[in-house]
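S.K.: Below: one structure in structure tokens.
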Amino acid sequence: MTEKKSTKSAPVKTAASVKTNKSTKSAKNTKAKSPQPEKVVSDYNGYDYKKIFWEDADREYEDQADRLAIRRLLPEKMDKFVDIAGGYGRLAKEYLGRAKSATIFDYSKTELKQAKEEFGDKISTKAGDIYNIPFKDNTFDALMMIRATHHFNNMPKVIAELYRILKPGGIAVIEVANKRTLPKMFRYWFRGSDVNPFDKKPSNLKGLNKDGFYNYHPAYIEEVFENAGFEIEEVLSVSNFRSTTLKKIFTPSFLMKLEKPTQKLFAAVKFAPSIYYKLKKPE
Ligand SMILES: C[S@@+](CC[C@H](N)C(=O)[O-])C[C@H]1O[C@@H](n2cnc3c(N)ncnc32)[C@H](O)[C@@H]1O
């Protein structure tokens, strides 16, 4: 790889950014434009994402909401499955019982080591960069990619890579960081936010040339999926009650009682912070 590690501290709390000195070419079979052609990797090496972001933080509701959506969307039986940007395998228990073989692919060797420590031979791991995934065409029956799109500044290229490694008829379950949420609408209307949630262009509060939190309008991302060749089979609205205030008032199990029916009910409006898509690569 030609990546240079940033010697500066990370611009985001979670991970250091690594910029490549190669531009990323647009995917051949996608027409949607990326916001910014330069490749930026959010480098979690040396960062204890598991402990800091999940174990020591108040995110039980979000974790449960992710799990429910995955249980609903992933095929019951899969031969070869890959968890893309799967980190330390937080969600592995949701697919290990359904897949004959499971692999976690991620840039962070720190996290892949943690996955191996926890799951041993039950899981394979592969390190690499999403913009050039080191798997052959048509390898997997199914894949998922959860809580990763906010790191990627070239979604057409990422989605083309996912399409390439899936077999015809294969299923991709992809969580997308949504730009068009209710809190973002309120911030835009009443608090002077310059992020317009109705504008289809991807946003990044840190600036489009920096590592950070890219958010995607549902209409933009759906165009990216369709231009890559995917068919959209199902949509869920996930983490509908992700709010510091609600989490202070209600227990995670109460919020999950609300979450259960609303994942499907609110899918039509797509206002939640996480939108889950079940996509199919045509036969
Ligand atoms: C927020 S974590 C999510 C991990 C896991 N999917 C989950 O939900 O727990 C984002 C993951 O994306 C990985 N990542 C970021 N940029 C990447 C890249 N360019 N290629 C591969 N993985 C990348 C990070 O190493 C990290 O594990």
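Naming scheme: A, B, ... for chains in displayed order of the structure tokens; residues 1 onward per chain; ligands 1 onward as shown.
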Which polymer residues have any atom within 6 Å of an atom of stretch 139-150 of chain A, counting only C-alpha atoms, with same-chain residues fewer than 3 positions away left out, as a ChimeraX atom specification?
M.R.: /A:80-84,136,165-167,170-177,213-215
S.K.: Ligand 1: which residues are within 7 Å, counting only C-alpha atoms and all ligand atoms, as a PyMOL selection string?
M.R.: chain A and resi 40-44+84-91+105-108+111+128-131+145-148+151-152
S.K.: Extract the full set of strand (DSSP E or B) residues from stretch 102-255 of chain A according to DSSP on the backbone, and format it as a PDB file with N, CA and C atoms, in the first residue's frame.
M.R.:
ATOM      1  N   ALA A 102     -17.139 -17.593   8.019  1.00  0.00           N
ATOM      2  CA  ALA A 102     -17.271 -16.137   8.237  1.00  0.00           C
ATOM      3  C   ALA A 102     -15.897 -15.499   8.342  1.00  0.00           C
ATOM      4  N   THR A 103     -15.775 -14.335   7.690  1.00  0.00           N
ATOM      5  CA  THR A 103     -14.511 -13.584   7.685  1.00  0.00           C
ATOM      6  C   THR A 103     -14.808 -12.158   8.125  1.00  0.00           C
ATOM      7  N   ILE A 104     -13.892 -11.585   8.898  1.00  0.00           N
ATOM      8  CA  ILE A 104     -13.976 -10.143   9.166  1.00  0.00           C
ATOM      9  C   ILE A 104     -12.883  -9.472   8.359  1.00  0.00           C
ATOM     10  N   PHE A 105     -13.277  -8.455   7.600  1.00  0.00           N
ATOM     11  CA  PHE A 105     -12.322  -7.654   6.837  1.00  0.00           C
ATOM     12  C   PHE A 105     -12.272  -6.271   7.467  1.00  0.00           C
ATOM     13  N   ASP A 106     -11.084  -5.767   7.747  1.00  0.00           N
ATOM     14  CA  ASP A 106     -10.974  -4.440   8.364  1.00  0.00           C
ATOM     15  C   ASP A 106      -9.558  -3.905   8.149  1.00  0.00           C
ATOM     16  N   SER A 124     -12.394 -16.093  10.312  1.00  0.00           N
ATOM     17  CA  SER A 124     -11.126 -15.730   9.649  1.00  0.00           C
ATOM     18  C   SER A 124     -11.042 -14.212   9.638  1.00  0.00           C
ATOM     19  N   THR A 125      -9.844 -13.700   9.558  1.00  0.00           N
ATOM     20  CA  THR A 125      -9.697 -12.243   9.478  1.00  0.00           C
ATOM     21  C   THR A 125      -8.812 -11.895   8.285  1.00  0.00           C
ATOM     22  N   LYS A 126      -9.072 -10.726   7.745  1.00  0.00           N
ATOM     23  CA  LYS A 126      -8.258 -10.249   6.616  1.00  0.00           C
ATOM     24  C   LYS A 126      -8.114  -8.730   6.757  1.00  0.00           C
ATOM     25  N   ALA A 127      -6.881  -8.260   6.717  1.00  0.00           N
ATOM     26  CA  ALA A 127      -6.646  -6.814   6.825  1.00  0.00           C
ATOM     27  C   ALA A 127      -6.536  -6.202   5.438  1.00  0.00           C
ATOM     28  N   PHE A 140     -18.335 -14.108  -2.250  1.00  0.00           N
ATOM     29  CA  PHE A 140     -19.195 -14.298  -1.067  1.00  0.00           C
ATOM     30  C   PHE A 140     -20.677 -14.407  -1.433  1.00  0.00           C
ATOM     31  N   ASP A 141     -21.400 -15.186  -0.611  1.00  0.00           N
ATOM     32  CA  ASP A 141     -22.865 -15.281  -0.762  1.00  0.00           C
ATOM     33  C   ASP A 141     -23.547 -14.093  -0.102  1.00  0.00           C
ATOM     34  N   ALA A 142     -22.902 -13.574   0.943  1.00  0.00           N
ATOM     35  CA  ALA A 142     -23.519 -12.451   1.653  1.00  0.00           C
ATOM     36  C   ALA A 142     -22.438 -11.661   2.380  1.00  0.00           C
ATOM     37  N   LEU A 143     -22.744 -10.389   2.596  1.00  0.00           N
ATOM     38  CA  LEU A 143     -21.835  -9.539   3.373  1.00  0.00           C
ATOM     39  C   LEU A 143     -22.662  -8.530   4.141  1.00  0.00           C
ATOM     40  N   MET A 144     -22.026  -7.939   5.164  1.00  0.00           N
ATOM     41  CA  MET A 144     -22.653  -6.774   5.778  1.00  0.00           C
ATOM     42  C   MET A 144     -21.581  -5.722   6.038  1.00  0.00           C
ATOM     43  N   MET A 145     -22.026  -4.480   6.133  1.00  0.00           N
ATOM     44  CA  MET A 145     -21.123  -3.375   6.463  1.00  0.00           C
ATOM     45  C   MET A 145     -21.914  -2.410   7.362  1.00  0.00           C
ATOM     46  N   LEU A 166     -19.243  -9.934  -4.266  1.00  0.00           N
ATOM     47  CA  LEU A 166     -20.431 -10.775  -4.046  1.00  0.00           C
ATOM     48  C   LEU A 166     -20.688 -11.656  -5.256  1.00  0.00           C
ATOM     49  N   LYS A 167     -21.179 -12.862  -4.986  1.00  0.00           N
ATOM     50  CA  LYS A 167     -21.604 -13.734  -6.097  1.00  0.00           C
ATOM     51  C   LYS A 167     -22.911 -13.211  -6.671  1.00  0.00           C
ATOM     52  N   PRO A 168     -23.222 -13.493  -7.936  1.00  0.00           N
ATOM     53  CA  PRO A 168     -24.555 -13.148  -8.441  1.00  0.00           C
ATOM     54  C   PRO A 168     -25.617 -13.789  -7.530  1.00  0.00           C
ATOM     55  N   GLY A 169     -26.637 -13.035  -7.213  1.00  0.00           N
ATOM     56  CA  GLY A 169     -27.659 -13.515  -6.278  1.00  0.00           C
ATOM     57  C   GLY A 169     -27.301 -13.227  -4.828  1.00  0.00           C
ATOM     58  N   GLY A 170     -26.088 -12.699  -4.596  1.00  0.00           N
ATOM     59  CA  GLY A 170     -25.624 -12.440  -3.224  1.00  0.00           C
ATOM     60  C   GLY A 170     -26.330 -11.255  -2.573  1.00  0.00           C
ATOM     61  N   ILE A 171     -26.279 -11.249  -1.242  1.00  0.00           N
ATOM     62  CA  ILE A 171     -26.989 -10.241  -0.450  1.00  0.00           C
ATOM     63  C   ILE A 171     -25.983  -9.361   0.308  1.00  0.00           C
ATOM     64  N   ALA A 172     -26.237  -8.050   0.283  1.00  0.00           N
ATOM     65  CA  ALA A 172     -25.430  -7.106   1.075  1.00  0.00           C
ATOM     66  C   ALA A 172     -26.362  -6.374   2.046  1.00  0.00           C
ATOM     67  N   VAL A 173     -26.008  -6.383   3.324  1.00  0.00           N
ATOM     68  CA  VAL A 173     -26.753  -5.600   4.321  1.00  0.00           C
ATOM     69  C   VAL A 173     -25.850  -4.431   4.718  1.00  0.00           C
ATOM     70  N   ILE A 174     -26.298  -3.227   4.398  1.00  0.00           N
ATOM     71  CA  ILE A 174     -25.437  -2.060   4.569  1.00  0.00           C
ATOM     72  C   ILE A 174     -26.144  -1.007   5.421  1.00  0.00           C
ATOM     73  N   GLU A 175     -25.445  -0.572   6.467  1.00  0.00           N
ATOM     74  CA  GLU A 175     -25.978   0.518   7.306  1.00  0.00           C
ATOM     75  C   GLU A 175     -25.404   1.827   6.789  1.00  0.00           C
ATOM     76  N   VAL A 176     -26.276   2.818   6.634  1.00  0.00           N
ATOM     77  CA  VAL A 176     -25.841   4.105   6.093  1.00  0.00           C
ATOM     78  C   VAL A 176     -26.080   5.205   7.127  1.00  0.00           C
ATOM     79  N   ALA A 177     -25.063   6.031   7.339  1.00  0.00           N
ATOM     80  CA  ALA A 177     -25.192   7.185   8.242  1.00  0.00           C
ATOM     81  C   ALA A 177     -26.031   8.237   7.527  1.00  0.00           C
ATOM     82  N   ASN A 178     -27.206   8.508   8.073  1.00  0.00           N
ATOM     83  CA  ASN A 178     -28.206   9.316   7.378  1.00  0.00           C
ATOM     84  C   ASN A 178     -27.996  10.815   7.600  1.00  0.00           C
ATOM     85  N   SER A 203     -22.496  15.139   3.210  1.00  0.00           N
ATOM     86  CA  SER A 203     -21.988  16.195   4.081  1.00  0.00           C
ATOM     87  C   SER A 203     -20.899  15.625   4.974  1.00  0.00           C
ATOM     88  N   ASN A 204     -20.054  16.515   5.458  1.00  0.00           N
ATOM     89  CA  ASN A 204     -19.066  16.130   6.466  1.00  0.00           C
ATOM     90  C   ASN A 204     -18.778  17.359   7.300  1.00  0.00           C
ATOM     91  N   TYR A 214     -18.898  11.440   7.339  1.00  0.00           N
ATOM     92  CA  TYR A 214     -19.675  11.676   6.129  1.00  0.00           C
ATOM     93  C   TYR A 214     -21.098  11.177   6.368  1.00  0.00           C
ATOM     94  N   ASN A 215     -22.046  11.988   6.024  1.00  0.00           N
ATOM     95  CA  ASN A 215     -23.444  11.575   6.138  1.00  0.00           C
ATOM     96  C   ASN A 215     -24.062  11.615   4.748  1.00  0.00           C
ATOM     97  N   TYR A 216     -24.987  10.690   4.530  1.00  0.00           N
ATOM     98  CA  TYR A 216     -25.536  10.526   3.187  1.00  0.00           C
ATOM     99  C   TYR A 216     -27.046  10.676   3.169  1.00  0.00           C
ATOM    100  N   GLU A 231     -30.057  -4.280  -6.510  1.00  0.00           N
ATOM    101  CA  GLU A 231     -31.502  -4.076  -6.337  1.00  0.00           C
ATOM    102  C   GLU A 231     -31.753  -3.882  -4.841  1.00  0.00           C
ATOM    103  N   ILE A 232     -32.583  -2.892  -4.499  1.00  0.00           N
ATOM    104  CA  ILE A 232     -32.896  -2.665  -3.083  1.00  0.00           C
ATOM    105  C   ILE A 232     -34.075  -3.563  -2.718  1.00  0.00           C
ATOM    106  N   GLU A 233     -33.836  -4.487  -1.770  1.00  0.00           N
ATOM    107  CA  GLU A 233     -34.897  -5.450  -1.406  1.00  0.00           C
ATOM    108  C   GLU A 233     -35.688  -5.016  -0.186  1.00  0.00           C
ATOM    109  N   GLU A 234     -35.018  -4.376   0.765  1.00  0.00           N
ATOM    110  CA  GLU A 234     -35.712  -3.995   2.003  1.00  0.00           C
ATOM    111  C   GLU A 234     -34.967  -2.844   2.664  1.00  0.00           C
ATOM    112  N   VAL A 235     -35.723  -2.013   3.392  1.00  0.00           N
ATOM    113  CA  VAL A 235     -35.123  -0.867   4.096  1.00  0.00           C
ATOM    114  C   VAL A 235     -35.646  -0.879   5.526  1.00  0.00           C
ATOM    115  N   LEU A 236     -34.766  -0.567   6.497  1.00  0.00           N
ATOM    116  CA  LEU A 236     -35.205  -0.410   7.890  1.00  0.00           C
ATOM    117  C   LEU A 236     -34.683   0.914   8.441  1.00  0.00           C
ATOM    118  N   SER A 237     -35.488   1.506   9.299  1.00  0.00           N
ATOM    119  CA  SER A 237     -35.117   2.739   9.992  1.00  0.00           C
ATOM    120  C   SER A 237     -34.631   2.319  11.382  1.00  0.00           C
ATOM    121  N   VAL A 238     -33.356   2.605  11.686  1.00  0.00           N
ATOM    122  CA  VAL A 238     -32.735   1.982  12.868  1.00  0.00           C
ATOM    123  C   VAL A 238     -32.152   3.030  13.813  1.00  0.00           C
TER     124      VAL A 238
END
S.K.: Please extract the residues of stretch 96-274 of chain A with a backbone DSSP assignment of helix (DSSP H, G or I) and present them as a tab-separated table (two decimals) with N, CA and C atoms, in the first residue's frame.
M.R.:
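Listing of out_6.tsv after writing:
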chain	number	residue	atom	x	y	z
A	109	LYS	N	-5.51	-3.78	12.33
A	109	LYS	CA	-4.97	-5.06	12.81
A	109	LYS	C	-5.22	-5.19	14.31
A	110	THR	N	-5.30	-4.06	14.99
A	110	THR	CA	-5.60	-4.09	16.44
A	110	THR	C	-6.95	-4.78	16.66
A	111	GLU	N	-7.94	-4.37	15.88
A	111	GLU	CA	-9.28	-4.93	16.06
A	111	GLU	C	-9.36	-6.38	15.58
A	112	LEU	N	-8.68	-6.68	14.49
A	112	LEU	CA	-8.72	-8.06	13.98
A	112	LEU	C	-8.09	-9.02	14.99
A	113	LYS	N	-7.06	-8.54	15.69
A	113	LYS	CA	-6.43	-9.37	16.73
A	113	LYS	C	-7.42	-9.64	17.86
A	114	GLN	N	-8.17	-8.60	18.23
A	114	GLN	CA	-9.19	-8.79	19.29
A	114	GLN	C	-10.25	-9.80	18.84
A	115	ALA	N	-10.61	-9.74	17.55
A	115	ALA	CA	-11.62	-10.69	17.03
A	115	ALA	C	-11.09	-12.12	17.12
A	116	LYS	N	-9.84	-12.29	16.75
A	116	LYS	CA	-9.23	-13.63	16.80
A	116	LYS	C	-9.17	-14.14	18.24
A	117	GLU	N	-8.83	-13.22	19.16
A	117	GLU	CA	-8.74	-13.62	20.57
A	117	GLU	C	-10.10	-14.10	21.07
A	118	GLU	N	-11.16	-13.44	20.61
A	118	GLU	CA	-12.49	-13.82	21.11
A	118	GLU	C	-13.08	-15.03	20.38
A	119	PHE	N	-12.89	-15.09	19.07
A	119	PHE	CA	-13.62	-16.12	18.30
A	119	PHE	C	-12.74	-17.24	17.75
A	120	GLY	N	-11.43	-17.11	17.85
A	120	GLY	CA	-10.50	-18.17	17.43
A	120	GLY	C	-10.79	-18.67	16.03
A	121	ASP	N	-10.88	-20.00	15.89
A	121	ASP	CA	-11.04	-20.61	14.56
A	121	ASP	C	-12.42	-20.40	13.96
A	122	LYS	N	-13.36	-19.93	14.75
A	122	LYS	CA	-14.72	-19.74	14.21
A	122	LYS	C	-14.74	-18.64	13.15
A	130	ILE	N	-10.65	-0.77	2.17
A	130	ILE	CA	-11.93	-1.00	1.48
A	130	ILE	C	-11.91	-0.57	0.01
A	131	TYR	N	-11.03	0.38	-0.31
A	131	TYR	CA	-11.03	0.86	-1.70
A	131	TYR	C	-10.38	-0.16	-2.66
A	132	ASN	N	-9.67	-1.13	-2.08
A	132	ASN	CA	-9.09	-2.22	-2.88
A	132	ASN	C	-9.20	-3.50	-2.07
A	149	THR	N	-20.00	3.64	6.85
A	149	THR	CA	-20.11	4.58	5.73
A	149	THR	C	-19.66	5.99	6.13
A	150	HIS	N	-19.77	6.34	7.40
A	150	HIS	CA	-19.38	7.70	7.81
A	150	HIS	C	-17.88	7.95	7.65
A	151	HIS	N	-17.12	6.86	7.43
A	151	HIS	CA	-15.68	7.02	7.23
A	151	HIS	C	-15.28	7.19	5.77
A	155	MET	N	-18.18	6.82	-1.80
A	155	MET	CA	-19.11	5.70	-1.70
A	155	MET	C	-19.30	4.94	-3.01
A	156	PRO	N	-19.31	5.60	-4.17
A	156	PRO	CA	-19.43	4.81	-5.40
A	156	PRO	C	-18.34	3.75	-5.53
A	157	LYS	N	-17.12	4.12	-5.15
A	157	LYS	CA	-16.00	3.16	-5.24
A	157	LYS	C	-16.19	2.03	-4.21
A	158	VAL	N	-16.59	2.39	-3.00
A	158	VAL	CA	-16.79	1.38	-1.95
A	158	VAL	C	-17.88	0.39	-2.38
A	159	ILE	N	-18.99	0.92	-2.86
A	159	ILE	CA	-20.12	0.06	-3.21
A	159	ILE	C	-19.77	-0.82	-4.43
A	160	ALA	N	-18.99	-0.27	-5.35
A	160	ALA	CA	-18.56	-1.07	-6.50
A	160	ALA	C	-17.68	-2.24	-6.03
A	161	GLU	N	-16.85	-2.00	-5.02
A	161	GLU	CA	-16.02	-3.07	-4.47
A	161	GLU	C	-16.88	-4.16	-3.82
A	162	LEU	N	-17.90	-3.73	-3.07
A	162	LEU	CA	-18.77	-4.72	-2.41
A	162	LEU	C	-19.53	-5.55	-3.45
A	163	TYR	N	-19.98	-4.88	-4.49
A	163	TYR	CA	-20.70	-5.56	-5.58
A	163	TYR	C	-19.78	-6.60	-6.24
A	164	ARG	N	-18.56	-6.20	-6.47
A	164	ARG	CA	-17.59	-7.06	-7.16
A	164	ARG	C	-17.34	-8.36	-6.40
A	165	ILE	N	-17.21	-8.29	-5.07
A	165	ILE	CA	-16.82	-9.50	-4.32
A	165	ILE	C	-18.02	-10.42	-4.02
A	182	LEU	N	-34.24	13.94	11.78
A	182	LEU	CA	-35.03	15.01	12.41
A	182	LEU	C	-34.16	16.00	13.18
A	183	PRO	N	-33.20	15.55	14.03
A	183	PRO	CA	-32.36	16.54	14.74
A	183	PRO	C	-31.60	17.46	13.77
A	184	LYS	N	-31.15	16.90	12.64
A	184	LYS	CA	-30.42	17.75	11.67
A	184	LYS	C	-31.37	18.76	11.03
A	185	MET	N	-32.62	18.35	10.86
A	185	MET	CA	-33.60	19.31	10.31
A	185	MET	C	-33.81	20.46	11.31
A	186	PHE	N	-33.97	20.13	12.59
A	186	PHE	CA	-34.17	21.18	13.60
A	186	PHE	C	-32.95	22.09	13.68
A	187	ARG	N	-31.76	21.49	13.63
A	187	ARG	CA	-30.55	22.32	13.70
A	187	ARG	C	-30.47	23.26	12.50
A	188	TYR	N	-30.93	22.77	11.36
A	188	TYR	CA	-30.88	23.58	10.13
A	188	TYR	C	-31.93	24.70	10.17
A	189	TRP	N	-33.14	24.38	10.62
A	189	TRP	CA	-34.22	25.38	10.62
A	189	TRP	C	-34.07	26.41	11.75
A	190	PHE	N	-33.69	25.92	12.94
A	190	PHE	CA	-33.78	26.80	14.12
A	190	PHE	C	-32.45	27.19	14.75
A	218	PRO	N	-30.61	9.70	1.83
A	218	PRO	CA	-31.09	8.42	1.29
A	218	PRO	C	-31.18	8.41	-0.24
A	219	ALA	N	-31.61	9.52	-0.83
A	219	ALA	CA	-31.76	9.54	-2.29
A	219	ALA	C	-30.40	9.40	-2.98
A	220	TYR	N	-29.35	10.03	-2.40
A	220	TYR	CA	-28.01	9.94	-2.97
A	220	TYR	C	-27.51	8.49	-2.91
A	221	ILE	N	-27.63	7.91	-1.72
A	221	ILE	CA	-27.04	6.57	-1.55
A	221	ILE	C	-27.80	5.52	-2.35
A	222	GLU	N	-29.11	5.72	-2.47
A	222	GLU	CA	-29.89	4.76	-3.26
A	222	GLU	C	-29.49	4.82	-4.74
A	223	GLU	N	-29.13	6.02	-5.18
A	223	GLU	CA	-28.65	6.15	-6.56
A	223	GLU	C	-27.30	5.44	-6.72
A	224	VAL	N	-26.46	5.56	-5.70
A	224	VAL	CA	-25.16	4.87	-5.75
A	224	VAL	C	-25.38	3.36	-5.82
A	225	PHE	N	-26.28	2.85	-4.98
A	225	PHE	CA	-26.55	1.39	-4.98
A	225	PHE	C	-27.04	0.95	-6.36
A	226	GLU	N	-28.00	1.70	-6.89
A	226	GLU	CA	-28.61	1.28	-8.16
A	226	GLU	C	-27.62	1.43	-9.32
A	227	ASN	N	-26.83	2.46	-9.30
A	227	ASN	CA	-25.82	2.62	-10.37
A	227	ASN	C	-24.77	1.52	-10.32
A	228	ALA	N	-24.51	0.98	-9.14
A	228	ALA	CA	-23.54	-0.12	-9.02
A	228	ALA	C	-24.13	-1.42	-9.55
A	244	THR	N	-29.54	11.51	23.63
A	244	THR	CA	-28.97	11.52	24.98
A	244	THR	C	-30.09	11.69	26.01
A	245	THR	N	-31.04	12.57	25.71
A	245	THR	CA	-32.13	12.84	26.66
A	245	THR	C	-32.99	11.60	26.85
A	246	LEU	N	-33.42	10.99	25.76
A	246	LEU	CA	-34.27	9.79	25.87
A	246	LEU	C	-33.54	8.67	26.61
A	247	LYS	N	-32.23	8.58	26.35
A	247	LYS	CA	-31.47	7.51	26.99
A	247	LYS	C	-31.31	7.75	28.48
A	248	LYS	N	-31.38	9.04	28.89
A	248	LYS	CA	-31.32	9.34	30.33
A	248	LYS	C	-32.63	8.96	31.01
A	249	ILE	N	-33.74	9.12	30.27
A	249	ILE	CA	-35.06	8.90	30.89
A	249	ILE	C	-35.46	7.42	30.85
A	252	PRO	N	-32.63	0.91	28.18
A	252	PRO	CA	-32.46	0.35	26.83
A	252	PRO	C	-33.57	-0.63	26.48
A	253	SER	N	-34.06	-1.41	27.46
A	253	SER	CA	-35.09	-2.40	27.08
A	253	SER	C	-36.41	-1.70	26.74
A	254	PHE	N	-36.71	-0.58	27.40
A	254	PHE	CA	-37.93	0.15	27.04
A	254	PHE	C	-37.77	0.76	25.63
A	255	LEU	N	-36.60	1.35	25.36
A	255	LEU	CA	-36.38	1.93	24.02
A	255	LEU	C	-36.46	0.86	22.94
A	256	MET	N	-36.01	-0.34	23.28
A	256	MET	CA	-36.09	-1.43	22.28
A	256	MET	C	-37.54	-1.85	22.02
A	257	LYS	N	-38.39	-1.69	23.04
A	257	LYS	CA	-39.82	-2.00	22.80
A	257	LYS	C	-40.40	-1.03	21.76
A	258	LEU	N	-39.93	0.22	21.80
A	258	LEU	CA	-40.37	1.20	20.79
A	258	LEU	C	-39.68	0.94	19.44
A	259	GLU	N	-38.43	0.54	19.54
A	259	GLU	CA	-37.63	0.33	18.32
A	259	GLU	C	-38.19	-0.80	17.44
A	260	LYS	N	-38.64	-1.84	18.10
A	260	LYS	CA	-39.06	-3.05	17.37
A	260	LYS	C	-40.10	-2.75	16.27
A	261	PRO	N	-41.22	-2.14	16.60
A	261	PRO	CA	-42.19	-1.88	15.50
A	261	PRO	C	-41.77	-0.74	14.59
A	262	THR	N	-40.99	0.21	15.09
A	262	THR	CA	-40.73	1.41	14.29
A	262	THR	C	-39.63	1.22	13.24
A	263	GLN	N	-38.81	0.16	13.40
A	263	GLN	CA	-37.80	-0.07	12.35
A	263	GLN	C	-38.48	-0.23	10.98
A	264	LYS	N	-39.64	-0.91	10.98
A	264	LYS	CA	-40.34	-1.09	9.70
A	264	LYS	C	-41.27	0.09	9.42
A	265	LEU	N	-41.96	0.53	10.48
A	265	LEU	CA	-42.95	1.60	10.32
A	265	LEU	C	-42.32	2.90	9.78
A	266	PHE	N	-41.15	3.27	10.33
A	266	PHE	CA	-40.52	4.54	9.93
A	266	PHE	C	-39.64	4.41	8.68
A	267	ALA	N	-39.55	3.18	8.15
A	267	ALA	CA	-38.67	2.99	6.97
A	267	ALA	C	-39.14	3.84	5.79
A	268	ALA	N	-40.44	4.12	5.75
A	268	ALA	CA	-40.97	4.90	4.62
A	268	ALA	C	-40.45	6.34	4.65
S.K.: Take atom CA of A:Arg59 and atom CA of A:Gly97 and report the distance between them in Å, one decimal.
M.R.: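 For atom CA of A:Arg59 relative to atom CA of A:Gly97, the distance reads 24.2 Å.
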S.K.: Nearest to A:Glu76: which of A:Ile275, A:Ile52, A:Leu96, A:Val269 is it, counting only C-alpha atoms?
M.R.: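 Ranking A:Ile275, A:Ile52, A:Leu96, A:Val269 by distance to A:Glu76, first place goes to A:Leu96.
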